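A.B. asks: One structure follows; several queries about it will come next.
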Amino acid sequence: AAPGQSLVRFYHYYQSAELLGGDFFHIIPLSDFSVGIFICDVLGHGVRSALITAMMRALVATYRNLAKHPGRLLKRINQKFCQMLNHHPDSIFATADFLYIDLQSRRFRFASAGHHVPLLVNRQKNNCHPLQIDEDQVGLPLGILEKSEYGSAEGIIDIGDMFLVYTD
């Protein structure tokens with residue numbers, strides 16, 4: 001749909017601590033009724049972190065076919081990320097969240113790799129709360145352990161709901 005006719009709208013604000021940083025987000029249009037949102041915070045700042053974010057964005061694009069299954073998507077990205085950094089002498093990792101929204105079914109699915117949990121603002125009920133995910137479903141940050149598992153949580157969305165996905 002044209003941006004003015006879309007049922008989904010995105011607003012963002014980004015301010016890096018330095019000229020180059022390790023925080024980024026990527027919005028992935030998946031169909032006329034579904035979208036994926038990936039947000040990531042790479043350890044550190046500067047050129048190294050910026051290069052890692054470019055790698056991470058490429059991995060998200062490569063495995064976009066797993067978007068309906070956020071836990072599987074994060075698991076696959078983590079495996080490849082660990083393999084790419086296998087012999088790197090420094091500790092490099094990233095926290096991340098992936099949120100899949102399907103307007104046709106009015107549901108969302110969510111997975112976390114140690115990142116800040118998004119907030120759901122329900123305008124009809126006039127409340128705001130973090131997305132609910134069991135602690136044992138949250139995986140380690142990406143790049144720490146190749147065999148990490150990532151669970152998913154899901155929920156229902158109402159007309160007018162808003163997700164607040166953020167990083168530091």
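Every chain in the structure tokens has a letter given in the order shown (A, B, ...), and although residue numbers restart at 1 in each chain, ligands are simply numbered from 1 in the order shown.
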Pull the helix (DSSP H, G or I) assignments for chain A out of DSSP run on the backbone, and list those residues as a ChimeraX atom specification.
C.D. replies: /A:3-5,47-62,64-66,70-84,135-137
A.B. asks: Considering only C-alpha atoms, return as a ChimeraX atom specification whatever protein or nucleic-acid residues lie within 7 Å of A:Arg106, sequence-local ones (same chain, fewer than 5 positions apart) excluded.
C.D. replies: /A:156-158
A.B. asks: Using the selection just defined, write its residues with all heavy atoms as a tab-separated table (two decimals), in the first residue's frame.
C.D. replies:
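Listing of again_34.tsv after writing:
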chain	number	residue	atom	x	y	z
A	156	ILE	N	-1.95	-10.76	20.68
A	156	ILE	CA	-2.98	-10.19	19.80
A	156	ILE	C	-2.80	-8.67	19.77
A	156	ILE	O	-2.47	-8.06	20.79
A	156	ILE	CB	-4.38	-10.55	20.34
A	156	ILE	CG1	-4.56	-12.07	20.31
A	156	ILE	CG2	-5.47	-9.85	19.55
A	156	ILE	CD1	-5.79	-12.56	21.03
A	157	ILE	N	-3.06	-8.08	18.61
A	157	ILE	CA	-3.01	-6.63	18.50
A	157	ILE	C	-4.40	-6.10	18.18
A	157	ILE	O	-5.17	-6.72	17.47
A	157	ILE	CB	-1.98	-6.16	17.44
A	157	ILE	CG1	-2.16	-6.87	16.11
A	157	ILE	CG2	-0.58	-6.33	17.95
A	157	ILE	CD1	-1.21	-6.43	15.02
A	158	ASP	N	-4.70	-4.94	18.75
A	158	ASP	CA	-5.96	-4.27	18.50
A	158	ASP	C	-5.73	-3.10	17.54
A	158	ASP	O	-4.61	-2.60	17.41
A	158	ASP	CB	-6.54	-3.71	19.81
A	158	ASP	CG	-7.06	-4.79	20.75
A	158	ASP	OD1	-7.57	-5.81	20.25
A	158	ASP	OD2	-6.95	-4.61	21.98
A.B. asks: Using only C-alpha atoms, which residue out of A:Leu142, A:Ile37, A:Leu30, A:Val117 lies closest to A:Thr95?
C.D. replies: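 Comparing A:Leu142, A:Ile37, A:Leu30, A:Val117 against A:Thr95, the winner is A:Leu142.
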A.B. asks: Just checking: using only C-alpha atoms, which residue out of A:Ala96, A:Val121, A:Gly22, A:Val138 ends up closest to A:Val47?
C.D. replies: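 Nearest to A:Val47: A:Gly22.
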A.B. asks: What does the structure give for the distance between atom CA of A:Leu119 and atom CA of A:Ala54, in Å to one decimal?
C.D. replies: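 About the pair atom CA of A:Leu119 and atom CA of A:Ala54: they are 25.9 Å apart.
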A.B. asks: Quick one: everything within 10 Å of A:Tyr14, counting only C-alpha atoms, minus sequence neighbours fewer than 3 positions away in the same chain. Send it as a list in words.
C.D. replies: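 Here the qualifying residues turn out to be Ala17, Asp23, Phe24, Phe25, Tyr166 and Thr167 of chain A.
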A.B. asks: Would you write out those residues with N, CA and C atoms, as a short mmCIF file (atom, residue, chain, number, x, y, z; two decimals), in the first residue's frame?
C.D. replies:
data_model
loop_
_atom_site.label_atom_id
_atom_site.label_comp_id
_atom_site.auth_asym_id
_atom_site.auth_seq_id
_atom_site.Cartn_x
_atom_site.Cartn_y
_atom_site.Cartn_z
N ALA A 17 25.69 8.12 19.42
CA ALA A 17 26.58 8.73 20.41
C ALA A 17 27.84 9.28 19.75
N ASP A 23 24.14 0.87 16.95
CA ASP A 23 22.69 0.69 17.12
C ASP A 23 22.03 0.86 15.77
N PHE A 24 21.09 -0.03 15.45
CA PHE A 24 20.35 0.15 14.21
C PHE A 24 19.06 -0.64 14.25
N PHE A 25 18.17 -0.29 13.31
CA PHE A 25 16.94 -1.05 13.15
C PHE A 25 16.71 -1.25 11.66
N TYR A 166 13.01 -0.03 21.02
CA TYR A 166 14.04 0.95 21.33
C TYR A 166 15.37 0.31 21.70
N THR A 167 16.39 1.13 21.70
CA THR A 167 17.71 0.74 22.16
C THR A 167 18.31 1.95 22.87
#
